[in-house]
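What's in target-v5.txt: compact mmCIF, C-alpha atoms and all ligand atoms
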```
# COMPACT_ATOMS: atom_id res chain seq x y z
CA MET A 1 0.00 0.00 0.00
CA ILE A 2 1.11 3.56 -0.66
CA LEU A 3 0.65 6.24 2.02
CA ARG A 4 0.62 9.95 1.15
CA PHE A 5 0.14 12.89 3.47
CA GLN A 6 -0.42 16.61 3.18
CA PRO A 7 -0.26 19.27 5.94
CA PHE A 8 -3.47 21.29 6.26
CA LEU A 9 -4.98 23.96 8.52
CA TYR A 10 -8.65 23.92 9.43
CA ALA A 11 -9.85 27.50 9.75
CA LEU A 12 -12.42 27.85 12.52
CA LYS A 13 -15.64 29.78 11.88
CA HIS A 14 -15.21 31.53 15.24
CA PRO A 15 -12.14 31.84 17.46
CA PHE A 16 -12.46 28.92 19.89
CA ARG A 17 -11.90 29.82 23.53
CA LEU A 18 -11.39 27.20 26.26
CA ALA A 19 -10.15 27.40 29.84
CA THR A 20 -6.74 26.41 28.38
CA GLY A 21 -6.48 29.09 25.65
CA MET A 22 -7.86 30.51 22.40
CA ARG A 23 -7.25 29.54 18.78
CA THR A 24 -8.45 30.35 15.24
CA HIS A 25 -7.06 27.29 13.39
CA THR A 26 -6.53 23.62 14.03
CA THR A 27 -3.40 21.96 12.64
CA ALA A 28 -4.28 18.90 10.55
CA MET A 29 -2.67 16.29 8.35
CA LEU A 30 -4.64 14.76 5.48
CA VAL A 31 -3.68 11.15 4.79
CA GLU A 32 -4.40 8.80 1.88
CA VAL A 33 -3.63 5.09 1.63
CA SER A 34 -3.93 3.51 -1.82
CA ALA A 35 -3.93 -0.05 -3.12
CA GLU A 36 -5.42 -1.81 -6.15
CA GLY A 37 -6.58 1.47 -7.67
CA LEU A 38 -8.61 2.46 -4.58
CA THR A 39 -7.85 5.16 -2.00
CA GLY A 40 -8.85 5.42 1.65
CA TYR A 41 -8.84 8.77 3.45
CA GLY A 42 -7.91 9.70 6.97
CA GLU A 43 -6.92 12.79 8.90
CA ALA A 44 -5.08 13.87 12.02
CA ALA A 45 -6.57 16.87 13.85
CA MET A 46 -3.95 18.18 16.27
CA PRO A 47 -5.02 20.82 18.79
CA PRO A 48 -1.93 22.35 20.43
CA TYR A 49 -2.38 20.88 23.93
CA TYR A 50 -1.55 17.30 22.91
CA GLY A 51 1.89 18.17 21.53
CA GLU A 52 1.48 16.92 17.94
CA ASN A 53 2.09 19.18 14.95
CA HIS A 54 2.95 19.05 11.22
CA ASP A 55 6.57 18.09 11.95
CA THR A 56 5.87 15.29 14.42
CA ALA A 57 3.10 13.90 12.19
CA ALA A 58 5.31 14.02 9.07
CA ALA A 59 8.10 12.20 10.90
CA TYR A 60 5.70 9.49 12.12
CA LEU A 61 3.93 9.12 8.78
CA THR A 62 7.27 8.71 6.98
CA LEU A 63 7.94 5.70 9.23
CA ALA A 64 4.41 4.44 8.58
CA GLN A 65 5.00 4.62 4.79
CA SER A 66 7.69 1.96 4.99
CA VAL A 67 5.48 -0.38 7.06
CA LEU A 68 2.50 -0.07 4.73
CA LYS A 69 4.70 -0.79 1.68
CA ARG A 70 5.10 -4.33 3.02
CA TYR A 71 1.35 -5.00 2.93
CA PRO A 72 -0.66 -5.31 -0.31
CA SER A 73 -4.03 -4.64 1.40
CA PRO A 74 -5.47 -3.40 4.74
CA GLU A 75 -5.80 -6.98 5.99
CA PRO A 76 -5.08 -8.30 8.56
CA LEU A 77 -5.92 -4.90 10.01
CA GLU A 78 -5.09 -5.88 13.62
CA ASN A 79 -1.49 -6.87 12.68
CA ILE A 80 -0.89 -3.82 10.53
CA LEU A 81 -2.18 -1.47 13.24
CA SER A 82 -0.05 -3.04 15.97
CA ALA A 83 3.04 -2.70 13.75
CA LEU A 84 2.14 0.96 13.17
CA ASP A 85 1.53 1.58 16.89
CA ALA A 86 4.93 0.07 17.78
CA LEU A 87 6.78 2.44 15.42
CA ALA A 88 6.95 5.27 17.97
CA PRO A 89 5.31 6.21 21.27
CA GLY A 90 2.64 8.97 21.26
CA ASN A 91 1.63 10.35 17.85
CA ASN A 92 -1.95 9.33 18.64
CA ALA A 93 -3.59 11.65 16.09
CA ALA A 94 -1.12 10.69 13.33
CA LYS A 95 -1.81 7.04 14.14
CA ALA A 96 -5.54 7.73 13.98
CA ALA A 97 -5.10 9.28 10.51
CA VAL A 98 -3.59 6.04 9.19
CA ASP A 99 -6.18 3.90 11.02
CA LEU A 100 -9.03 5.89 9.41
CA ALA A 101 -7.49 5.70 5.93
CA LEU A 102 -7.00 1.92 6.31
CA HIS A 103 -10.60 1.45 7.45
CA ASP A 104 -11.90 3.58 4.58
CA LEU A 105 -9.79 1.63 2.08
CA TRP A 106 -10.91 -1.69 3.61
CA GLY A 107 -14.57 -0.68 3.19
CA LYS A 108 -13.98 0.42 -0.39
CA MET A 109 -12.27 -2.89 -1.24
CA LYS A 110 -15.26 -4.76 0.22
CA GLY A 111 -17.64 -2.35 -1.54
CA LYS A 112 -19.54 -1.80 1.72
CA PRO A 113 -20.11 1.01 4.20
CA LEU A 114 -18.08 0.60 7.38
CA TYR A 115 -21.19 0.57 9.57
CA GLU A 116 -22.17 -2.66 7.83
CA LEU A 117 -18.72 -4.25 8.11
CA LEU A 118 -18.34 -3.20 11.77
CA GLU A 119 -21.95 -4.18 12.58
CA THR A 120 -22.66 -0.75 14.03
CA PRO A 121 -26.10 -0.68 15.74
CA VAL A 122 -27.12 2.39 13.69
CA ALA A 123 -30.64 2.58 15.15
CA LYS A 124 -29.08 3.50 18.52
CA MET A 125 -27.42 6.69 17.22
CA PRO A 126 -27.57 9.25 20.07
CA LEU A 127 -28.23 12.96 19.62
CA SER A 128 -25.10 14.95 18.93
CA SER A 129 -24.34 18.15 20.81
CA PHE A 130 -23.07 21.43 19.38
CA THR A 131 -20.23 23.10 21.30
CA LEU A 132 -20.15 26.73 22.33
CA GLY A 133 -16.74 28.11 23.37
CA ILE A 134 -16.37 30.70 26.16
CA ASP A 135 -17.72 33.97 24.72
CA THR A 136 -19.59 37.22 25.24
CA PRO A 137 -23.41 37.05 25.45
CA GLU A 138 -23.69 38.69 21.99
CA ILE A 139 -21.51 36.08 20.31
CA LEU A 140 -23.13 33.22 22.23
CA GLN A 141 -26.48 34.36 20.86
CA GLU A 142 -25.11 34.28 17.31
CA LYS A 143 -23.62 30.82 17.83
CA LEU A 144 -26.89 29.47 19.23
CA LYS A 145 -28.52 30.37 15.91
CA GLU A 146 -25.87 28.28 14.11
CA ALA A 147 -26.68 25.40 16.46
CA GLU A 148 -30.37 25.36 15.51
CA ASP A 149 -30.29 21.85 13.99
CA PHE A 150 -28.70 20.38 17.10
CA ARG A 151 -30.91 19.42 20.04
CA VAL A 152 -28.22 19.48 22.72
CA ILE A 153 -25.71 22.20 23.52
CA LYS A 154 -22.25 21.61 24.92
CA VAL A 155 -20.82 24.50 26.87
CA LYS A 156 -17.21 25.19 27.72
CA LEU A 157 -16.88 26.26 31.35
CA GLY A 158 -13.88 26.57 33.65
CA SER A 159 -13.62 30.36 33.91
CA ALA A 160 -14.89 32.79 36.56
CA ASP A 161 -17.95 33.36 34.31
CA ASP A 162 -19.44 29.86 34.49
CA ARG A 163 -22.77 30.97 36.00
CA LEU A 164 -23.00 33.96 33.65
CA ILE A 165 -22.45 31.74 30.61
CA ILE A 166 -25.11 29.24 31.66
CA ASN A 167 -27.56 32.03 32.55
CA THR A 168 -26.95 33.65 29.16
CA ILE A 169 -27.65 30.42 27.32
CA ARG A 170 -30.69 29.63 29.47
CA ALA A 171 -32.15 33.04 28.62
CA LEU A 172 -31.95 32.07 24.94
CA SER A 173 -32.54 28.32 24.85
CA ASP A 174 -34.02 25.50 26.92
CA LYS A 175 -32.09 22.70 25.17
CA PRO A 176 -30.29 20.19 27.40
CA ILE A 177 -26.66 21.16 28.10
CA TYR A 178 -23.46 19.13 28.46
CA ALA A 179 -20.86 21.11 30.42
CA ASP A 180 -17.09 20.79 29.95
CA ALA A 181 -14.75 22.53 32.42
CA ASN A 182 -11.61 21.52 30.45
CA GLN A 183 -9.58 21.15 33.70
CA GLY A 184 -10.54 24.71 34.70
CA TRP A 185 -11.89 24.11 38.21
CA THR A 186 -9.59 24.03 41.23
CA GLN A 187 -11.66 23.82 44.44
CA ARG A 188 -13.54 20.63 45.35
CA GLU A 189 -16.27 22.27 47.41
CA GLU A 190 -16.90 25.00 44.85
CA ALA A 191 -17.03 22.38 42.11
CA LEU A 192 -19.62 20.36 44.01
CA GLU A 193 -21.76 23.42 44.66
CA LEU A 194 -21.54 24.31 40.97
CA CYS A 195 -22.57 20.77 39.97
CA TYR A 196 -25.77 21.08 42.05
CA TRP A 197 -26.47 24.48 40.52
CA LEU A 198 -25.75 23.21 37.00
CA GLN A 199 -28.14 20.32 37.50
CA GLU A 200 -30.91 22.78 38.38
CA GLN A 201 -30.15 24.58 35.10
CA GLY A 202 -30.75 21.43 33.02
CA VAL A 203 -27.11 20.44 32.63
CA GLN A 204 -26.81 16.67 32.12
CA LEU A 205 -23.13 15.93 32.70
CA ILE A 206 -19.84 17.56 33.60
CA GLU A 207 -16.63 16.80 31.73
CA GLN A 208 -13.06 17.09 33.05
CA PRO A 209 -13.67 19.35 36.07
CA PHE A 210 -10.09 19.35 37.42
CA PRO A 211 -6.56 19.17 35.95
CA LYS A 212 -6.11 15.80 34.30
CA ASP A 213 -3.71 14.27 36.84
CA GLN A 214 -5.85 15.20 39.88
CA LEU A 215 -7.68 11.88 39.99
CA GLY A 216 -8.19 12.20 43.75
CA ASP A 217 -10.22 15.37 43.28
CA ALA A 218 -12.18 13.79 40.43
CA ALA A 219 -12.96 10.74 42.59
CA TRP A 220 -14.07 13.00 45.46
CA LEU A 221 -16.42 14.91 43.17
CA SER A 222 -17.72 11.76 41.42
CA ALA A 223 -18.69 10.30 44.80
CA ARG A 224 -20.86 13.36 45.57
CA SER A 225 -21.90 15.00 42.30
CA PRO A 226 -25.55 14.83 41.23
CA LEU A 227 -24.23 14.96 37.62
CA PRO A 228 -22.20 12.19 35.99
CA VAL A 229 -18.53 13.23 35.85
CA PHE A 230 -16.62 12.39 32.64
CA ALA A 231 -12.89 12.09 31.97
CA ASP A 232 -11.64 13.71 28.78
CA GLU A 233 -8.05 14.99 29.13
CA SER A 234 -7.49 12.37 31.90
CA PHE A 235 -8.26 9.61 29.41
CA GLN A 236 -6.32 9.17 26.18
CA ARG A 237 -6.30 5.54 25.15
CA LEU A 238 -7.15 2.01 26.19
CA SER A 239 -4.20 1.70 28.60
CA ASP A 240 -5.61 4.63 30.68
CA LEU A 241 -9.05 3.12 31.13
CA GLU A 242 -8.49 1.07 34.26
CA ARG A 243 -6.71 3.98 36.00
CA VAL A 244 -9.51 6.50 35.43
CA SER A 245 -12.38 4.06 35.97
CA SER A 246 -12.35 4.50 39.76
CA ALA A 247 -12.29 8.32 39.60
CA TYR A 248 -14.99 9.06 36.99
CA HIS A 249 -18.46 7.88 36.03
CA GLY A 250 -17.59 7.88 32.36
CA VAL A 251 -15.02 8.58 29.66
CA ASN A 252 -14.99 10.69 26.53
CA VAL A 253 -13.52 8.57 23.72
CA LYS A 254 -11.99 10.52 20.83
CA LEU A 255 -10.39 8.93 17.79
CA MET A 256 -7.56 11.46 17.80
CA LYS A 257 -6.62 10.47 21.35
CA CYS A 258 -7.03 6.70 21.11
CA THR A 259 -5.25 6.15 17.74
CA GLY A 260 -8.37 5.52 15.69
CA LEU A 261 -11.42 3.35 15.14
CA HIS A 262 -9.83 0.02 15.93
CA GLU A 263 -8.73 0.99 19.43
CA GLY A 264 -11.79 3.24 19.83
CA LEU A 265 -14.04 0.18 19.51
CA LYS A 266 -11.87 -1.68 22.03
CA CYS A 267 -12.20 1.28 24.46
CA VAL A 268 -15.97 1.11 24.10
CA ARG A 269 -16.09 -2.61 24.82
CA GLU A 270 -13.74 -2.39 27.81
CA ALA A 271 -15.49 0.68 29.25
CA LEU A 272 -18.81 -1.16 29.15
CA LYS A 273 -17.23 -4.08 31.03
CA LEU A 274 -16.03 -1.60 33.69
CA LYS A 275 -19.59 -0.20 33.90
CA LEU A 276 -18.43 3.22 32.73
CA LYS A 277 -20.70 5.62 30.91
CA LEU A 278 -19.54 6.53 27.41
CA MET A 279 -19.33 9.69 25.39
CA VAL A 280 -17.78 9.95 21.95
CA GLY A 281 -16.21 13.32 21.21
CA CYS A 282 -14.03 14.94 18.59
CA MET A 283 -11.57 17.72 17.90
CA THR A 284 -12.27 20.41 15.32
CA GLU A 285 -11.94 18.06 12.39
CA SER A 286 -13.47 17.42 8.99
CA PRO A 287 -16.36 15.09 8.06
CA CYS A 288 -13.68 12.38 7.59
CA GLY A 289 -13.01 12.15 11.34
CA ILE A 290 -16.61 12.90 12.27
CA ARG A 291 -18.05 10.13 10.08
CA ALA A 292 -15.56 7.72 11.60
CA ALA A 293 -16.40 8.82 15.17
CA ALA A 294 -20.11 8.46 14.35
CA LEU A 295 -19.42 4.73 13.99
CA LEU A 296 -18.64 4.65 17.73
CA ALA A 297 -21.60 6.83 18.69
CA PRO A 298 -24.33 4.14 18.70
CA HIS A 299 -22.33 2.28 21.37
CA CYS A 300 -22.24 5.42 23.56
CA ASP A 301 -24.66 7.23 25.88
CA PHE A 302 -23.69 10.68 24.58
CA ALA A 303 -22.18 12.06 21.38
CA ASP A 304 -20.43 15.37 20.87
CA LEU A 305 -19.62 15.22 17.16
CA ASP A 306 -19.92 18.77 15.90
CA GLY A 307 -16.25 19.28 14.88
CA CYS A 308 -16.85 19.61 11.13
CA TRP A 309 -19.56 22.25 11.65
CA LEU A 310 -17.01 24.45 13.43
CA ILE A 311 -14.59 24.71 10.48
CA GLN A 312 -15.04 26.77 7.34
CA ASN A 313 -12.72 25.01 4.84
CA SER A 314 -13.83 21.38 4.94
CA PRO A 315 -12.39 19.26 2.12
CA TRP A 316 -15.48 17.01 2.35
CA GLU A 317 -19.26 17.34 2.10
CA MET A 318 -20.95 17.73 5.52
CA PRO A 319 -22.73 14.69 6.99
CA LEU A 320 -26.52 14.84 7.13
CA LEU A 321 -28.11 15.64 10.45
CA GLU A 322 -31.61 14.24 11.01
CA GLU A 323 -33.52 15.19 14.16
CA GLY A 324 -30.23 16.13 15.79
CA LYS A 325 -28.52 12.83 14.93
CA ILE A 326 -25.72 12.22 12.42
CA VAL A 327 -26.77 10.02 9.50
CA LEU A 328 -24.12 7.48 8.48
CA GLY A 329 -23.59 7.72 4.71
CA ASP A 330 -24.32 4.78 2.40
CA GLY A 331 -21.13 5.02 0.35
CA ALA A 332 -18.41 2.35 0.73
CA GLY A 333 -15.93 2.83 3.58
CA LEU A 334 -16.50 6.08 5.46
CA GLY A 335 -18.91 7.26 2.74
CA LEU A 336 -17.00 10.51 2.12
CA ARG A 337 -17.90 12.80 -0.77
MG MG B 401 -13.66 17.92 26.62
```
Show the structure stored in the file as structure tokens.
Ligand code: MG
Amino acid sequence: MILRFQPFLYALKHPFRLATGMRTHTTAMLVEVSAEGLTGYGEAAMPPYYGENHDTAAAYLTLAQSVLKRYPSPEPLENILSALDALAPGNNAAKAAVDLALHDLWGKMKGKPLYELLETPVAKMPLSSFTLGIDTPEILQEKLKEAEDFRVIKVKLGSADDRLIINTIRALSDKPIYADANQGWTQREEALELCYWLQEQGVQLIEQPFPKDQLGDAAWLSARSPLPVFADESFQRLSDLERVSSAYHGVNVKLMKCTGLHEGLKCVREALKLKLKLMVGCMTESPCGIRAAALLAPHCDFADLDGCWLIQNSPWEMPLLEEGKIVLGDGAGLGLR
């Protein structure tokens, strides 16, 4: 198989502000894997806080090129992916890019959509939320209009304005809210008080309240919070699952953290065994990553798959949204157009 890659920048429709910083672009790498006249597509979306960038991805993908050359097709997928994972530590998003391209190519070779090959329970697709970054009331109002087709709102908290932000949104919309503090809270007691208040405001869950390594604080809050507490930054890939399972009610699985669909599906299966709740999330990424993540969504309680609606230069056609749920395309592989 031949692997090609191209650096890309996703331009965001609005500057995206989190407790950890603000940005206008997301660094990405577009990946193609070809064999027998067919091409599978993948991508790495690399927000700055995970340490990957165009240089690290190019270095990893150059190594991956030589591995893929040895295989004529994406099968056996398990063996190829473990060889790729062993090439270098980290590089989770770059690894995900290759995993997605291999899955897409595999589906195209079989002439079937991936949801059929992976036996995805499509009827169980959850609603997807639309994320609002930290912003002024005027801009939040504008963004809420853009979120009209979504039936759930995800709100970034973790600043001194948490109550103001929720009050602003509640004055404009009564949709259910998922709240994400992005490691922005510091005090246990304050966090607990806020969780009770958030519940009264129709918030359904709280994601990553404290800095990612403060599992003791997360466990303390999880034992008391009226809202389910989810790990995002605390949980990257399968090997983290056991460690976080005693501190959180659930985990947010993202393809760009867990090296792709193959390991993502393993995370889902293992999390269910550990009785964890599941959310599937995304970075700001194109419909390529979002369609792939949507294959995990029917196994999860919650989905936050709005990434491609937040960028303005998507190389692919947007997925359909029906009654607030992503529709998996009927084309072979990921069904990209
Ligand atoms: Mg998050």
Discussion item. At a cut-off of 7 Å and counting all atoms listed in the file, what residues surround ligand MG 401 (chain B)? Please answer as a PyMOL selection string.
Written reply: chain A and resi 180+182+207-208+232-233
Practice prompt. Kindly provide, as a ChimeraX atom specification, the polymer residues lying within 12 Å of (-31.5, 26.4, 31.3), counting all atoms listed in the file and using the coordinates exactly as they appear in the file.
Written response: /A:152-153,155,163-179,197-204
Selected residues written out, C-alpha atoms, as a compact mmCIF listing (two decimals), in the frame of the given file:
```txt
# COMPACT_ATOMS: atom_id res chain seq x y z
CA VAL A 152 -28.22 19.48 22.72
CA ILE A 153 -25.71 22.20 23.52
CA VAL A 155 -20.82 24.50 26.87
CA ARG A 163 -22.77 30.97 36.00
CA LEU A 164 -23.00 33.96 33.65
CA ILE A 165 -22.45 31.74 30.61
CA ILE A 166 -25.11 29.24 31.66
CA ASN A 167 -27.56 32.03 32.55
CA THR A 168 -26.95 33.65 29.16
CA ILE A 169 -27.65 30.42 27.32
CA ARG A 170 -30.69 29.63 29.47
CA ALA A 171 -32.15 33.04 28.62
CA LEU A 172 -31.95 32.07 24.94
CA SER A 173 -32.54 28.32 24.85
CA ASP A 174 -34.02 25.50 26.92
CA LYS A 175 -32.09 22.70 25.17
CA PRO A 176 -30.29 20.19 27.40
CA ILE A 177 -26.66 21.16 28.10
CA TYR A 178 -23.46 19.13 28.46
CA ALA A 179 -20.86 21.11 30.42
CA TRP A 197 -26.47 24.48 40.52
CA LEU A 198 -25.75 23.21 37.00
CA GLN A 199 -28.14 20.32 37.50
CA GLU A 200 -30.91 22.78 38.38
CA GLN A 201 -30.15 24.58 35.10
CA GLY A 202 -30.75 21.43 33.02
CA VAL A 203 -27.11 20.44 32.63
CA GLN A 204 -26.81 16.67 32.12
```
What are the closest atom pairs, with distances in Å to one decimal, for each residue of stretch 217-252 of chain A lying within 6 Å of stretch 264-285 of chain A, using all atoms listed in the file, rows by chain and rising residue number, as a tab-separated table?
```
residue	atom	partner	partner_atom	distance
A:Leu238	CA	A:Cys267	CA	5.4
A:His249	CA	A:Leu276	CA	5.7
A:Gly250	CA	A:Lys277	CA	4.1
A:Val251	CA	A:Leu278	CA	5.4
A:Asn252	CA	A:Met279	CA	4.6
```
Which protein, DNA or RNA residues are at most 12 Å from (-16.2, 17.3, 19.6) in the file's coordinates when you count all atoms listed in the file, listed as a tab-separated table (two decimals) with C-alpha atoms, keeping the file's coordinate frame?
```
chain	number	residue	atom	x	y	z
A	45	ALA	CA	-6.57	16.87	13.85
A	47	PRO	CA	-5.02	20.82	18.79
A	128	SER	CA	-25.10	14.95	18.93
A	129	SER	CA	-24.34	18.15	20.81
A	130	PHE	CA	-23.07	21.43	19.38
A	131	THR	CA	-20.23	23.10	21.30
A	132	LEU	CA	-20.15	26.73	22.33
A	133	GLY	CA	-16.74	28.11	23.37
A	153	ILE	CA	-25.71	22.20	23.52
A	154	LYS	CA	-22.25	21.61	24.92
A	155	VAL	CA	-20.82	24.50	26.87
A	156	LYS	CA	-17.21	25.19	27.72
A	178	TYR	CA	-23.46	19.13	28.46
A	180	ASP	CA	-17.09	20.79	29.95
A	232	ASP	CA	-11.64	13.71	28.78
A	252	ASN	CA	-14.99	10.69	26.53
A	253	VAL	CA	-13.52	8.57	23.72
A	254	LYS	CA	-11.99	10.52	20.83
A	255	LEU	CA	-10.39	8.93	17.79
A	256	MET	CA	-7.56	11.46	17.80
A	257	LYS	CA	-6.62	10.47	21.35
A	279	MET	CA	-19.33	9.69	25.39
A	280	VAL	CA	-17.78	9.95	21.95
A	281	GLY	CA	-16.21	13.32	21.21
A	282	CYS	CA	-14.03	14.94	18.59
A	283	MET	CA	-11.57	17.72	17.90
A	284	THR	CA	-12.27	20.41	15.32
A	285	GLU	CA	-11.94	18.06	12.39
A	286	SER	CA	-13.47	17.42	8.99
A	287	PRO	CA	-16.36	15.09	8.06
A	289	GLY	CA	-13.01	12.15	11.34
A	290	ILE	CA	-16.61	12.90	12.27
A	293	ALA	CA	-16.40	8.82	15.17
A	294	ALA	CA	-20.11	8.46	14.35
A	297	ALA	CA	-21.60	6.83	18.69
A	302	PHE	CA	-23.69	10.68	24.58
A	303	ALA	CA	-22.18	12.06	21.38
A	304	ASP	CA	-20.43	15.37	20.87
A	305	LEU	CA	-19.62	15.22	17.16
A	306	ASP	CA	-19.92	18.77	15.90
A	307	GLY	CA	-16.25	19.28	14.88
A	308	CYS	CA	-16.85	19.61	11.13
A	309	TRP	CA	-19.56	22.25	11.65
A	310	LEU	CA	-17.01	24.45	13.43
A	311	ILE	CA	-14.59	24.71	10.48
```
Which centre and which edge lengths, in Å to one decimal, describe the axis-aligned box that holds all listed atoms of stretch 152-168 of chain A after 4 Å is added on each side, as JSON?
```
{"center_x": -20.9, "center_y": 26.7, "center_z": 29.6, "size_x": 22.6, "size_y": 22.5, "size_z": 21.8}
```
Name the residues in contact with A:Leu334 at a cut-off of 9 Å, using only C-alpha atoms, excluding same-chain residues fewer than 2 positions from it; report them as a PDB file with C-alpha atoms, in the coordinates of the input.
```
ATOM      1  CA  GLY A  40      -8.850   5.420   1.650  1.00  0.00           C
ATOM      2  CA  TYR A  41      -8.840   8.770   3.450  1.00  0.00           C
ATOM      3  CA  LEU A 100      -9.030   5.890   9.410  1.00  0.00           C
ATOM      4  CA  HIS A 103     -10.600   1.450   7.450  1.00  0.00           C
ATOM      5  CA  ASP A 104     -11.900   3.580   4.580  1.00  0.00           C
ATOM      6  CA  LEU A 105      -9.790   1.630   2.080  1.00  0.00           C
ATOM      7  CA  GLY A 107     -14.570  -0.680   3.190  1.00  0.00           C
ATOM      8  CA  LYS A 108     -13.980   0.420  -0.390  1.00  0.00           C
ATOM      9  CA  PRO A 113     -20.110   1.010   4.200  1.00  0.00           C
ATOM     10  CA  LEU A 114     -18.080   0.600   7.380  1.00  0.00           C
ATOM     11  CA  TYR A 115     -21.190   0.570   9.570  1.00  0.00           C
ATOM     12  CA  CYS A 288     -13.680  12.380   7.590  1.00  0.00           C
ATOM     13  CA  ARG A 291     -18.050  10.130  10.080  1.00  0.00           C
ATOM     14  CA  ALA A 292     -15.560   7.720  11.600  1.00  0.00           C
ATOM     15  CA  LEU A 328     -24.120   7.480   8.480  1.00  0.00           C
ATOM     16  CA  GLY A 329     -23.590   7.720   4.710  1.00  0.00           C
ATOM     17  CA  ASP A 330     -24.320   4.780   2.400  1.00  0.00           C
ATOM     18  CA  GLY A 331     -21.130   5.020   0.350  1.00  0.00           C
ATOM     19  CA  ALA A 332     -18.410   2.350   0.730  1.00  0.00           C
ATOM     20  CA  LEU A 336     -17.000  10.510   2.120  1.00  0.00           C
TER      21      LEU A 336
END
```
Worksheet item: Rounded to one decimal in Å, what is the spacing between atom CA of A:Phe16 and atom CA of A:Tyr49?
Response: 13.5 Å
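Taking atom CA of A:Thr186 and atom CA of A:Arg17 as the two end points, the separation is 18.8 Å.
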Worksheet item: Which residue, A:Ala223, A:Ala181, A:Ile139, A:Met1, has the smallest gap to A:Leu194 when you use only C-alpha atoms?
Response: A:Ala181
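Of note, atom CA of A:Pro298 and atom CA of A:Ala123 are spaced 7.4 Å apart.
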Worksheet item: So which one's closest to A:Pro226, A:Ala44, A:Leu81, A:Cys195, A:Met29? Using only C-alpha atoms, please.
Response: A:Cys195
Discussion item. For a quick check of understanding, using all atoms listed in the file, which of A:Leu205, A:Leu157, A:Val122, A:Leu12 has the smallest distance to A:Thr27?
Written reply: A:Leu12
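For A:Tyr248, the residues within 6 Å (counting all atoms listed in the file, excluding itself and residues fewer than 5 positions away along the chain) are Ser222, Val229 and Phe230 of chain A.
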Worksheet item: Could you pull the residues within 10 Å of A:Arg70, counting all atoms listed in the file, minus those fewer than 5 positions along the same chain, as a list in words?
Response: Met1, Ile2, Gln65 and Ile80 of chain A
Discussion item. List as a count of residues only the protein and nucleic acid residues near A:Phe8, meaning an atom at most 12 Å away when only C-alpha atoms are counted, but skip any in the same chain fewer than 5 places from it.
Written reply: 21
Worksheet item: Which residue, A:Leu221, A:Ala64, A:Arg243, A:Leu102, has the smallest gap to A:Leu77 when you use all atoms listed in the file?
Response: A:Leu102
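Proximity of A:Pro126, A:Leu84, A:Thr136, A:Leu215 to A:Asp240, computed with all atoms listed in the file, is greatest for A:Leu215.
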With N, CA and C atoms as the goal, would you fill in the gaps in stretch 196-207 of chain A and present it as a PDB file, in the frame of the given file?
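out.pdb written:
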```
ATOM      1  N   TYR A 196     -24.365  21.030  41.631  1.00  0.00           N
ATOM      2  CA  TYR A 196     -25.770  21.080  42.050  1.00  0.00           C
ATOM      3  C   TYR A 196     -26.506  22.204  41.323  1.00  0.00           C
ATOM      4  N   TRP A 197     -25.848  23.348  41.215  1.00  0.00           N
ATOM      5  CA  TRP A 197     -26.470  24.480  40.520  1.00  0.00           C
ATOM      6  C   TRP A 197     -26.673  24.156  39.040  1.00  0.00           C
ATOM      7  N   LEU A 198     -25.664  23.550  38.423  1.00  0.00           N
ATOM      8  CA  LEU A 198     -25.750  23.210  37.000  1.00  0.00           C
ATOM      9  C   LEU A 198     -26.899  22.223  36.749  1.00  0.00           C
ATOM     10  N   GLN A 199     -27.058  21.280  37.665  1.00  0.00           N
ATOM     11  CA  GLN A 199     -28.140  20.320  37.500  1.00  0.00           C
ATOM     12  C   GLN A 199     -29.503  21.026  37.474  1.00  0.00           C
ATOM     13  N   GLU A 200     -29.647  22.005  38.363  1.00  0.00           N
ATOM     14  CA  GLU A 200     -30.910  22.780  38.380  1.00  0.00           C
ATOM     15  C   GLU A 200     -31.131  23.527  37.070  1.00  0.00           C
ATOM     16  N   GLN A 201     -30.045  23.833  36.362  1.00  0.00           N
ATOM     17  CA  GLN A 201     -30.150  24.580  35.100  1.00  0.00           C
ATOM     18  C   GLN A 201     -30.340  23.649  33.894  1.00  0.00           C
ATOM     19  N   GLY A 202     -30.525  22.357  34.132  1.00  0.00           N
ATOM     20  CA  GLY A 202     -30.750  21.430  33.020  1.00  0.00           C
ATOM     21  C   GLY A 202     -29.475  20.914  32.384  1.00  0.00           C
ATOM     22  N   VAL A 203     -28.361  21.031  33.110  1.00  0.00           N
ATOM     23  CA  VAL A 203     -27.110  20.440  32.630  1.00  0.00           C
ATOM     24  C   VAL A 203     -27.151  18.941  32.940  1.00  0.00           C
ATOM     25  N   GLN A 204     -26.671  18.122  31.989  1.00  0.00           N
ATOM     26  CA  GLN A 204     -26.810  16.670  32.120  1.00  0.00           C
ATOM     27  C   GLN A 204     -25.545  15.952  32.541  1.00  0.00           C
ATOM     28  N   LEU A 205     -24.393  16.565  32.314  1.00  0.00           N
ATOM     29  CA  LEU A 205     -23.130  15.930  32.700  1.00  0.00           C
ATOM     30  C   LEU A 205     -22.053  16.991  32.806  1.00  0.00           C
ATOM     31  N   ILE A 206     -20.967  16.647  33.521  1.00  0.00           N
ATOM     32  CA  ILE A 206     -19.840  17.560  33.600  1.00  0.00           C
ATOM     33  C   ILE A 206     -18.571  16.791  33.177  1.00  0.00           C
ATOM     34  N   GLU A 207     -17.826  17.442  32.284  1.00  0.00           N
ATOM     35  CA  GLU A 207     -16.630  16.800  31.730  1.00  0.00           C
ATOM     36  C   GLU A 207     -15.380  17.470  32.295  1.00  0.00           C
TER      37      GLU A 207
END
```
